[in-house]
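The structure file query_34.pdb is reproduced below (PDB, C-alpha atoms, pLDDT in the B column).
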```
MODEL        1
ATOM      1  CA  MET A   1      11.930 -47.206 -14.777  1.00 44.00           C
ATOM      2  CA  MET A   2      11.030 -45.024 -17.763  1.00 40.00           C
ATOM      3  CA  LYS A   3       7.868 -43.768 -16.063  1.00 40.00           C
ATOM      4  CA  LYS A   4       9.766 -42.977 -12.876  1.00 41.00           C
ATOM      5  CA  SER A   5      12.467 -41.098 -14.810  1.00 43.00           C
ATOM      6  CA  MET A   6       9.900 -39.068 -16.725  1.00 42.00           C
ATOM      7  CA  LEU A   7       8.059 -38.320 -13.495  1.00 43.00           C
ATOM      8  CA  PHE A   8      11.295 -37.202 -11.870  1.00 40.00           C
ATOM      9  CA  LEU A   9      12.207 -34.990 -14.826  1.00 41.00           C
ATOM     10  CA  GLY A  10       8.715 -33.544 -14.834  1.00 45.00           C
ATOM     11  CA  SER A  11       9.040 -32.728 -11.141  1.00 44.00           C
ATOM     12  CA  LEU A  12      12.354 -31.008 -11.776  1.00 41.00           C
ATOM     13  CA  ALA A  13      10.833 -28.923 -14.566  1.00 44.00           C
ATOM     14  CA  LEU A  14       7.888 -27.946 -12.361  1.00 42.00           C
ATOM     15  CA  ALA A  15      10.236 -27.010  -9.525  1.00 44.00           C
ATOM     16  CA  GLY A  16      12.263 -24.877 -11.930  1.00 44.00           C
ATOM     17  CA  MET A  17       9.132 -23.085 -13.109  1.00 42.00           C
ATOM     18  CA  MET A  18       8.064 -22.449  -9.513  1.00 42.00           C
ATOM     19  CA  MET A  19      11.483 -21.040  -8.661  1.00 42.00           C
ATOM     20  CA  LEU A  20      11.355 -18.797 -11.706  1.00 41.00           C
ATOM     21  CA  GLY A  21       7.899 -17.570 -10.810  1.00 41.00           C
ATOM     22  CA  GLY A  22       8.952 -17.019  -7.223  1.00 42.00           C
ATOM     23  CA  CYS A  23      11.802 -14.692  -8.072  1.00 46.00           C
ATOM     24  CA  GLY A  24       9.595 -12.659 -10.452  1.00 45.00           C
ATOM     25  CA  LYS A  25      12.201 -12.471 -13.228  1.00 57.00           C
ATOM     26  CA  SER A  26      12.008 -14.311 -16.537  1.00 66.00           C
ATOM     27  CA  ASP A  27      12.958 -13.625 -20.137  1.00 80.00           C
ATOM     28  CA  ASP A  28       9.431 -12.639 -21.167  1.00 93.00           C
ATOM     29  CA  VAL A  29       8.826 -10.272 -18.228  1.00 97.00           C
ATOM     30  CA  LEU A  30      10.187  -6.759 -17.783  1.00 98.00           C
ATOM     31  CA  VAL A  31      10.152  -5.672 -14.140  1.00 98.00           C
ATOM     32  CA  VAL A  32       9.768  -1.980 -13.379  1.00 98.00           C
ATOM     33  CA  GLY A  33      10.404  -0.515  -9.941  1.00 98.00           C
ATOM     34  CA  THR A  34       8.291   2.396  -8.747  1.00 98.00           C
ATOM     35  CA  ASN A  35       7.016   4.197  -5.667  1.00 96.00           C
ATOM     36  CA  ALA A  36       3.262   4.382  -6.195  1.00 94.00           C
ATOM     37  CA  ALA A  37       2.659   7.474  -4.071  1.00 91.00           C
ATOM     38  CA  PHE A  38       3.425  10.121  -6.662  1.00 92.00           C
ATOM     39  CA  PRO A  39       0.236  10.938  -8.609  1.00 92.00           C
ATOM     40  CA  PRO A  40      -0.342  11.358 -11.504  1.00 94.00           C
ATOM     41  CA  PHE A  41       2.907   9.568 -12.395  1.00 96.00           C
ATOM     42  CA  GLU A  42       2.299   6.497 -10.231  1.00 96.00           C
ATOM     43  CA  TYR A  43      -0.403   5.782  -7.675  1.00 95.00           C
ATOM     44  CA  VAL A  44      -2.589   2.993  -6.327  1.00 94.00           C
ATOM     45  CA  GLY A  45      -6.192   2.958  -7.577  1.00 89.00           C
ATOM     46  CA  GLY A  46      -8.395   1.392 -10.230  1.00 80.00           C
ATOM     47  CA  VAL A  47     -11.625  -0.564  -9.795  1.00 84.00           C
ATOM     48  CA  SER A  48     -10.009  -3.042  -7.398  1.00 85.00           C
ATOM     49  CA  GLY A  49      -8.359  -0.257  -5.422  1.00 84.00           C
ATOM     50  CA  ASP A  50      -4.967  -1.941  -5.482  1.00 88.00           C
ATOM     51  CA  GLU A  51      -3.905  -1.473  -9.109  1.00 93.00           C
ATOM     52  CA  ILE A  52      -0.758   0.567  -9.764  1.00 96.00           C
ATOM     53  CA  LYS A  53      -1.598   3.162 -12.402  1.00 96.00           C
ATOM     54  CA  GLY A  54      -0.244   6.441 -13.766  1.00 97.00           C
ATOM     55  CA  PHE A  55       1.636   8.251 -16.507  1.00 97.00           C
ATOM     56  CA  ASP A  56       4.943   6.473 -15.855  1.00 98.00           C
ATOM     57  CA  ILE A  57       3.228   3.085 -15.666  1.00 98.00           C
ATOM     58  CA  ASP A  58       1.523   3.581 -19.045  1.00 98.00           C
ATOM     59  CA  LEU A  59       4.872   4.568 -20.566  1.00 98.00           C
ATOM     60  CA  ALA A  60       6.534   1.547 -18.954  1.00 98.00           C
ATOM     61  CA  ARG A  61       3.811  -0.749 -20.304  1.00 98.00           C
ATOM     62  CA  GLN A  62       4.518   0.496 -23.839  1.00 98.00           C
ATOM     63  CA  ILE A  63       8.255   0.011 -23.297  1.00 98.00           C
ATOM     64  CA  ALA A  64       7.606  -3.619 -22.313  1.00 98.00           C
ATOM     65  CA  LYS A  65       5.218  -4.145 -25.245  1.00 97.00           C
ATOM     66  CA  ASP A  66       7.762  -2.821 -27.746  1.00 97.00           C
ATOM     67  CA  ALA A  67      10.335  -5.198 -26.256  1.00 96.00           C
ATOM     68  CA  GLY A  68       7.899  -8.110 -26.693  1.00 96.00           C
ATOM     69  CA  LYS A  69       7.533  -8.585 -22.960  1.00 97.00           C
ATOM     70  CA  THR A  70       4.926  -8.368 -20.212  1.00 97.00           C
ATOM     71  CA  LEU A  71       5.303  -5.631 -17.623  1.00 98.00           C
ATOM     72  CA  LYS A  72       5.507  -6.486 -13.926  1.00 97.00           C
ATOM     73  CA  VAL A  73       5.370  -3.603 -11.434  1.00 98.00           C
ATOM     74  CA  GLU A  74       7.238  -3.711  -8.119  1.00 98.00           C
ATOM     75  CA  ASN A  75       6.120  -1.048  -5.641  1.00 97.00           C
ATOM     76  CA  MET A  76       8.717  -0.038  -3.030  1.00 96.00           C
ATOM     77  CA  LYS A  77      10.094   2.906  -1.069  1.00 94.00           C
ATOM     78  CA  PHE A  78      11.526   5.601  -3.320  1.00 94.00           C
ATOM     79  CA  ASP A  79      14.942   5.578  -1.659  1.00 93.00           C
ATOM     80  CA  SER A  80      15.179   1.780  -2.207  1.00 96.00           C
ATOM     81  CA  LEU A  81      14.713   1.930  -5.981  1.00 97.00           C
ATOM     82  CA  ILE A  82      18.325   2.419  -7.111  1.00 97.00           C
ATOM     83  CA  VAL A  83      19.538  -0.235  -4.653  1.00 97.00           C
ATOM     84  CA  ALA A  84      16.955  -2.688  -6.028  1.00 98.00           C
ATOM     85  CA  LEU A  85      17.943  -1.829  -9.616  1.00 98.00           C
ATOM     86  CA  ASN A  86      21.637  -2.449  -9.067  1.00 97.00           C
ATOM     87  CA  ALA A  87      20.867  -5.665  -7.158  1.00 97.00           C
ATOM     88  CA  GLY A  88      19.008  -6.963 -10.228  1.00 97.00           C
ATOM     89  CA  LYS A  89      15.616  -7.072  -8.498  1.00 97.00           C
ATOM     90  CA  VAL A  90      14.083  -4.752 -11.113  1.00 98.00           C
ATOM     91  CA  ASP A  91      15.020  -4.086 -14.740  1.00 98.00           C
ATOM     92  CA  PHE A  92      14.394  -0.343 -14.765  1.00 98.00           C
ATOM     93  CA  ILE A  93      12.931   2.460 -12.661  1.00 98.00           C
ATOM     94  CA  ALA A  94       9.879   4.510 -13.650  1.00 98.00           C
ATOM     95  CA  SER A  95       9.097   6.731 -10.694  1.00 97.00           C
ATOM     96  CA  GLY A  96       9.237  10.416 -11.563  1.00 96.00           C
ATOM     97  CA  MET A  97      12.968  10.260 -10.915  1.00 96.00           C
ATOM     98  CA  THR A  98      14.881  13.453 -11.638  1.00 95.00           C
ATOM     99  CA  ILE A  99      18.120  13.089 -13.585  1.00 96.00           C
ATOM    100  CA  THR A 100      20.914  14.348 -11.316  1.00 95.00           C
ATOM    101  CA  PRO A 101      24.724  14.041 -11.452  1.00 95.00           C
ATOM    102  CA  GLU A 102      24.677  12.138  -8.147  1.00 93.00           C
ATOM    103  CA  ARG A 103      22.255   9.511  -9.446  1.00 96.00           C
ATOM    104  CA  GLN A 104      24.140   9.275 -12.742  1.00 97.00           C
ATOM    105  CA  GLU A 105      27.128   7.962 -10.813  1.00 97.00           C
ATOM    106  CA  SER A 106      25.076   4.848  -9.940  1.00 97.00           C
ATOM    107  CA  VAL A 107      22.742   4.401 -12.932  1.00 98.00           C
ATOM    108  CA  ASN A 108      22.202   5.415 -16.540  1.00 98.00           C
ATOM    109  CA  PHE A 109      19.156   7.467 -17.505  1.00 98.00           C
ATOM    110  CA  SER A 110      17.010   7.478 -20.596  1.00 98.00           C
ATOM    111  CA  LYS A 111      16.416  10.629 -22.588  1.00 98.00           C
ATOM    112  CA  PRO A 112      14.430  13.074 -20.452  1.00 98.00           C
ATOM    113  CA  TYR A 113      10.716  12.379 -20.845  1.00 97.00           C
ATOM    114  CA  TYR A 114       9.191  15.087 -18.640  1.00 96.00           C
ATOM    115  CA  GLU A 115      10.159  18.572 -17.475  1.00 94.00           C
ATOM    116  CA  ALA A 116       9.118  19.499 -13.964  1.00 92.00           C
ATOM    117  CA  THR A 117      10.012  21.895 -11.184  1.00 93.00           C
ATOM    118  CA  GLN A 118       9.735  22.077  -7.429  1.00 95.00           C
ATOM    119  CA  VAL A 119       6.888  23.980  -5.787  1.00 97.00           C
ATOM    120  CA  VAL A 120       6.003  24.855  -2.210  1.00 97.00           C
ATOM    121  CA  LEU A 121       2.794  23.758  -0.492  1.00 97.00           C
ATOM    122  CA  VAL A 122       1.661  25.705   2.588  1.00 97.00           C
ATOM    123  CA  ASN A 123      -1.525  26.140   4.572  1.00 97.00           C
ATOM    124  CA  LYS A 124      -3.729  28.862   3.073  1.00 96.00           C
ATOM    125  CA  ASP A 125      -3.249  31.230   6.003  1.00 95.00           C
ATOM    126  CA  ASN A 126       0.538  31.214   5.585  1.00 95.00           C
ATOM    127  CA  THR A 127       1.740  34.514   4.076  1.00 95.00           C
ATOM    128  CA  SER A 128       5.386  34.332   5.196  1.00 94.00           C
ATOM    129  CA  ILE A 129       6.840  32.801   1.998  1.00 96.00           C
ATOM    130  CA  LYS A 130       7.168  34.954  -1.103  1.00 94.00           C
ATOM    131  CA  SER A 131      10.600  33.950  -2.445  1.00 95.00           C
ATOM    132  CA  VAL A 132      13.201  31.193  -2.213  1.00 95.00           C
ATOM    133  CA  ASP A 133      15.053  33.235   0.426  1.00 95.00           C
ATOM    134  CA  ASP A 134      12.022  32.938   2.713  1.00 96.00           C
ATOM    135  CA  LEU A 135      12.595  29.171   2.974  1.00 96.00           C
ATOM    136  CA  LYS A 136      15.667  29.720   5.131  1.00 94.00           C
ATOM    137  CA  GLY A 137      15.150  28.448   8.639  1.00 92.00           C
ATOM    138  CA  LYS A 138      11.685  27.031   7.927  1.00 96.00           C
ATOM    139  CA  HIS A 139      10.682  23.500   8.931  1.00 97.00           C
ATOM    140  CA  ILE A 140      10.379  21.687   5.587  1.00 98.00           C
ATOM    141  CA  ALA A 141       8.688  18.329   4.922  1.00 97.00           C
ATOM    142  CA  VAL A 142       9.807  16.267   1.904  1.00 96.00           C
ATOM    143  CA  GLN A 143       9.591  12.773   0.443  1.00 92.00           C
ATOM    144  CA  LEU A 144      12.634  10.695   1.391  1.00 91.00           C
ATOM    145  CA  GLY A 145      15.249  10.521  -1.377  1.00 88.00           C
ATOM    146  CA  SER A 146      13.376  12.926  -3.652  1.00 89.00           C
ATOM    147  CA  THR A 147      14.742  16.031  -5.365  1.00 89.00           C
ATOM    148  CA  GLY A 148      12.918  18.094  -2.751  1.00 92.00           C
ATOM    149  CA  ASP A 149      14.763  16.186  -0.035  1.00 92.00           C
ATOM    150  CA  ILE A 150      18.102  17.007  -1.656  1.00 89.00           C
ATOM    151  CA  MET A 151      17.235  20.676  -2.249  1.00 92.00           C
ATOM    152  CA  ALA A 152      15.656  21.349   1.136  1.00 94.00           C
ATOM    153  CA  LYS A 153      18.920  20.807   2.975  1.00 92.00           C
ATOM    154  CA  SER A 154      20.408  23.818   1.199  1.00 92.00           C
ATOM    155  CA  TYR A 155      17.660  26.054   2.608  1.00 94.00           C
ATOM    156  CA  SER A 156      17.152  24.808   6.145  1.00 94.00           C
ATOM    157  CA  GLN A 157      18.569  22.643   8.906  1.00 93.00           C
ATOM    158  CA  GLN A 158      15.010  21.604   9.816  1.00 96.00           C
ATOM    159  CA  VAL A 159      14.056  19.011   7.206  1.00 96.00           C
ATOM    160  CA  THR A 160      11.814  16.038   7.944  1.00 97.00           C
ATOM    161  CA  ALA A 161      11.652  13.300   5.293  1.00 95.00           C
ATOM    162  CA  PHE A 162       8.721  10.909   4.882  1.00 94.00           C
ATOM    163  CA  ASN A 163       8.341   7.738   2.819  1.00 90.00           C
ATOM    164  CA  THR A 164       5.436   9.264   0.868  1.00 89.00           C
ATOM    165  CA  GLY A 165       4.255  12.697  -0.173  1.00 89.00           C
ATOM    166  CA  PHE A 166       0.904  11.933   1.485  1.00 91.00           C
ATOM    167  CA  GLU A 167       2.593  11.679   4.904  1.00 94.00           C
ATOM    168  CA  ALA A 168       4.390  14.989   4.316  1.00 95.00           C
ATOM    169  CA  ILE A 169       1.073  16.642   3.394  1.00 95.00           C
ATOM    170  CA  MET A 170      -0.586  15.329   6.559  1.00 95.00           C
ATOM    171  CA  GLU A 171       2.242  16.753   8.651  1.00 96.00           C
ATOM    172  CA  LEU A 172       1.666  20.143   7.007  1.00 97.00           C
ATOM    173  CA  LYS A 173      -2.101  20.009   7.559  1.00 96.00           C
ATOM    174  CA  ASN A 174      -1.468  19.225  11.233  1.00 95.00           C
ATOM    175  CA  ALA A 175       0.819  22.306  11.433  1.00 95.00           C
ATOM    176  CA  LYS A 176       3.829  20.201  12.409  1.00 96.00           C
ATOM    177  CA  VAL A 177       5.903  21.722   9.585  1.00 97.00           C
ATOM    178  CA  ASP A 178       5.884  25.077   7.760  1.00 97.00           C
ATOM    179  CA  LEU A 179       5.812  23.773   4.194  1.00 97.00           C
ATOM    180  CA  VAL A 180       6.193  20.825   1.854  1.00 97.00           C
ATOM    181  CA  LEU A 181       8.732  20.985  -0.991  1.00 97.00           C
ATOM    182  CA  PHE A 182       7.433  18.779  -3.803  1.00 93.00           C
ATOM    183  CA  ASP A 183       7.365  18.220  -7.561  1.00 93.00           C
ATOM    184  CA  SER A 184       4.807  20.358  -9.387  1.00 92.00           C
ATOM    185  CA  GLU A 185       2.398  17.787 -10.862  1.00 91.00           C
ATOM    186  CA  PRO A 186       2.078  15.584  -7.750  1.00 91.00           C
ATOM    187  CA  ALA A 187       1.681  18.774  -5.698  1.00 93.00           C
ATOM    188  CA  ALA A 188      -1.228  19.812  -7.942  1.00 92.00           C
ATOM    189  CA  SER A 189      -2.835  16.382  -7.447  1.00 90.00           C
ATOM    190  CA  PHE A 190      -2.568  16.648  -3.662  1.00 91.00           C
ATOM    191  CA  LEU A 191      -3.896  20.218  -3.798  1.00 92.00           C
ATOM    192  CA  GLU A 192      -7.138  19.051  -5.451  1.00 91.00           C
ATOM    193  CA  LYS A 193      -7.884  16.841  -2.442  1.00 91.00           C
ATOM    194  CA  ASN A 194      -6.700  19.325   0.190  1.00 94.00           C
ATOM    195  CA  PRO A 195      -8.511  22.671  -0.296  1.00 93.00           C
ATOM    196  CA  GLY A 196      -7.003  24.059   2.892  1.00 96.00           C
ATOM    197  CA  LEU A 197      -3.590  24.238   1.203  1.00 97.00           C
ATOM    198  CA  LYS A 198      -2.140  26.510  -1.474  1.00 97.00           C
ATOM    199  CA  MET A 199       0.735  26.131  -3.916  1.00 97.00           C
ATOM    200  CA  LEU A 200       3.538  28.670  -4.335  1.00 97.00           C
ATOM    201  CA  GLU A 201       5.601  28.706  -7.519  1.00 96.00           C
ATOM    202  CA  LEU A 202       9.002  30.119  -6.635  1.00 96.00           C
ATOM    203  CA  ASP A 203      12.107  30.639  -8.747  1.00 93.00           C
ATOM    204  CA  PHE A 204      13.395  27.039  -8.777  1.00 94.00           C
ATOM    205  CA  GLU A 205      15.457  25.562 -11.590  1.00 91.00           C
ATOM    206  CA  PRO A 206      13.565  23.146 -13.893  1.00 93.00           C
ATOM    207  CA  GLU A 207      14.320  19.446 -13.588  1.00 94.00           C
ATOM    208  CA  PHE A 208      13.935  16.495 -15.949  1.00 96.00           C
ATOM    209  CA  TYR A 209      12.625  12.996 -15.281  1.00 97.00           C
ATOM    210  CA  GLY A 210      14.253   9.934 -16.811  1.00 98.00           C
ATOM    211  CA  PHE A 211      13.883   6.146 -16.641  1.00 98.00           C
ATOM    212  CA  ALA A 212      16.846   4.595 -14.836  1.00 98.00           C
ATOM    213  CA  VAL A 213      18.647   1.400 -15.845  1.00 98.00           C
ATOM    214  CA  ALA A 214      21.742  -0.365 -14.531  1.00 98.00           C
ATOM    215  CA  LYS A 215      25.031   0.691 -16.095  1.00 98.00           C
ATOM    216  CA  ASP A 216      25.456  -2.604 -17.976  1.00 97.00           C
ATOM    217  CA  LYS A 217      21.939  -2.658 -19.521  1.00 97.00           C
ATOM    218  CA  VAL A 218      22.893  -0.898 -22.768  1.00 97.00           C
ATOM    219  CA  GLU A 219      20.341  -2.682 -24.971  1.00 97.00           C
ATOM    220  CA  LEU A 220      17.476  -1.998 -22.567  1.00 98.00           C
ATOM    221  CA  LEU A 221      18.401   1.697 -22.428  1.00 98.00           C
ATOM    222  CA  GLU A 222      18.374   1.856 -26.216  1.00 98.00           C
ATOM    223  CA  SER A 223      14.990   0.106 -26.309  1.00 98.00           C
ATOM    224  CA  ILE A 224      13.513   2.588 -23.800  1.00 98.00           C
ATOM    225  CA  ASN A 225      14.826   5.557 -25.779  1.00 98.00           C
ATOM    226  CA  ASN A 226      13.422   4.110 -29.010  1.00 98.00           C
ATOM    227  CA  THR A 227       9.971   3.731 -27.438  1.00 98.00           C
ATOM    228  CA  LEU A 228      10.028   7.301 -26.111  1.00 98.00           C
ATOM    229  CA  SER A 229      11.045   8.643 -29.534  1.00 98.00           C
ATOM    230  CA  SER A 230       8.397   6.672 -31.407  1.00 98.00           C
ATOM    231  CA  MET A 231       5.676   7.644 -28.920  1.00 97.00           C
ATOM    232  CA  LYS A 232       6.516  11.328 -29.295  1.00 97.00           C
ATOM    233  CA  GLN A 233       6.449  11.026 -33.093  1.00 97.00           C
ATOM    234  CA  SER A 234       3.185   9.053 -33.185  1.00 97.00           C
ATOM    235  CA  GLY A 235       1.270  11.280 -30.766  1.00 96.00           C
ATOM    236  CA  GLY A 236       1.042   8.503 -28.180  1.00 97.00           C
ATOM    237  CA  TYR A 237       3.083  10.491 -25.673  1.00 97.00           C
ATOM    238  CA  ASP A 238       0.847  13.568 -25.972  1.00 96.00           C
ATOM    239  CA  ALA A 239      -2.221  11.361 -25.574  1.00 96.00           C
ATOM    240  CA  LEU A 240      -0.880  10.110 -22.239  1.00 97.00           C
ATOM    241  CA  VAL A 241      -0.086  13.658 -21.112  1.00 94.00           C
ATOM    242  CA  ASN A 242      -3.685  14.644 -21.883  1.00 94.00           C
ATOM    243  CA  LYS A 243      -4.971  11.554 -20.070  1.00 94.00           C
ATOM    244  CA  HIS A 244      -3.017  12.058 -16.863  1.00 94.00           C
ATOM    245  CA  MET A 245      -2.222  15.772 -16.549  1.00 88.00           C
ATOM    246  CA  LYS A 246      -5.125  18.109 -15.831  1.00 66.00           C
TER     247      LYS A 246
ENDMDL
END
```
How would this structure read if it were set down as structure tokens?
Amino acid sequence: MMKKSMLFLGSLALAGMMMLGGCGKSDDVLVVGTNAAFPPFEYVGGVSGDEIKGFDIDLARQIAKDAGKTLKVENMKFDSLIVALNAGKVDFIASGMTITPERQESVNFSKPYYEATQVVLVNKDNTSIKSVDDLKGKHIAVQLGSTGDIMAKSYSQQVTAFNTGFEAIMELKNAKVDLVLFDSEPAASFLEKNPGLKMLELDFEPEFYGFAVAKDKVELLESINNTLSSMKQSGGYDALVNKHMK
């Protein structure tokens, strides 16, 4: 009877561990949500070709380390990130997410960790865009749910949103749209691999990226802010900028 009871209890414990592993959340794991199509902040690469890497991911790994936890990365569509966060599927978001009043209604943001701006990508033979006013009426491609997606609607009725910046770039190269409205650093990364395009820096307002957490995760927000502060003081932040930004 004793052996049977111990065997039964052991089976229960194993089942519990399997359930815990299956849901991907445990006390010693910090789950970050990202959209790994936004280089150099997050992208798929590495020796194996399927590793999620980037500036945000390195910052997130340090955040987890400082919290005494292991980082787990969940890659998903950008416009699904806040939904996943508030459903408890991820602990925080690290995905080049701009701090906006609209998003602040749903989540809390860390201190800003990066200043960016929007830029325009066009084919090299396009000479029709010289100012923000020239965007009016143009067919604009954007990444779904991004700052560019939000801004583009104020310039044109013709806006096509894609799940990734790569898809938007391909649409531009195939002359299906007039331009892509995109964040500056990812745009520069795409430009390196697409010599037939050029980047236009127009008079857009600067924007600031932050890590997003659920409204009730006060301690986690404080922990993230502490890591960002200590990394900036120690030089670790600048080292990552030099590593990822060319």
Could you make a table, as a Markdown table, of the residues of stretch 124-182 of chain A that have an atom within 12 Å of an atom of stretch 90-108 of chain A, each with its nearest atom pair and distance in Å to one decimal, counting all atoms listed in the file, in chain and number order?
```
| residue | atom | partner | partner_atom | distance |
| --- | --- | --- | --- | --- |
| A:Gly145 | CA | A:Met97 | CA | 9.8 |
| A:Ser146 | CA | A:Met97 | CA | 7.7 |
| A:Thr147 | CA | A:Thr98 | CA | 6.8 |
| A:Gly148 | CA | A:Thr98 | CA | 10.2 |
| A:Asp149 | CA | A:Thr98 | CA | 11.9 |
| A:Ile150 | CA | A:Thr100 | CA | 10.4 |
| A:Met151 | CA | A:Thr100 | CA | 11.7 |
| A:Phe182 | CA | A:Gly96 | CA | 11.6 |
```
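We find atom CA of A:Met199 and atom CA of A:Leu121 to be spaced 4.6 Å apart.
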### Hits of the PyMOL selection byres ((chain A and resi 197) around 10) in this structure, as number ranges by chain
A: 121-126, 169, 172-173, 179, 190-196, 198-199
### Of the listed residues A:Pro40, A:Gly46, A:Pro186, A:Gly137, that which approaches A:Val159 most closely, counting only C-alpha atoms
A:Gly137
### Task
Using atom CA of A:Thr117 and atom CA of A:Leu181 as the two end points, give the distance in Å to one decimal.
10.3 Å
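Between atom CA of A:Ser223 and atom CA of A:Met76 the separation is 24.1 Å.
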### Query
What's the 10 Å shell around stretch 31-38 of chain A, counting only C-alpha atoms, without same-chain residues fewer than 6 positions away, as a VMD selection string?
chain A and resid 24 to 25 44 to 45 51 to 54 56 to 57 60 to 61 64 69 to 82 84 to 85 88 to 97 143 163 to 167 182 to 183 185 to 187 189 to 190 211 to 213
Using all atoms of stretch 149-152 of chain A that appear in the file, construct an axis-aligned enclosing box with 4 Å of padding on every side and provide its centre coordinates and edge lengths in Å, rounded to one decimal, as lines of an AutoDock Vina configuration file.
```
center_x = 16.4
center_y = 18.8
center_z = -0.6
size_x = 11.3
size_y = 13.2
size_z = 11.4
```
#### Entry: Reference answer for the PyMOL selection byres ((chain A and resi 231-244) around 9), as an MDAnalysis selection string
chainID A and resid 39:41 54:55 58:59 62 226:230 245:246
### Task
Go ahead and find all residues with at least one atom no further than 6 Å from (7.9, 11.9, -15.6) in the file's coordinates, using all atoms listed in the file; report them as a PyMOL selection string.
chain A and resi 96+113-114+209
### Query
How would you write, as a VMD selection string, the residues chosen by the PyMOL selection byres ((chain A and resi 202) around 12) on this structure?
chain A and resid 117 to 121 129 to 135 181 to 182 184 199 to 201 203 to 206
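Candidate residues A:Ala161, A:Ile224, A:Val180, A:Ala214 were compared for distance to A:Lys138, and the nearest is A:Val180, using only C-alpha atoms.
Closest to A:Ile140 among A:Lys176, A:Ser128, A:Ser110, A:Val83 is A:Lys176, based on only C-alpha atoms.
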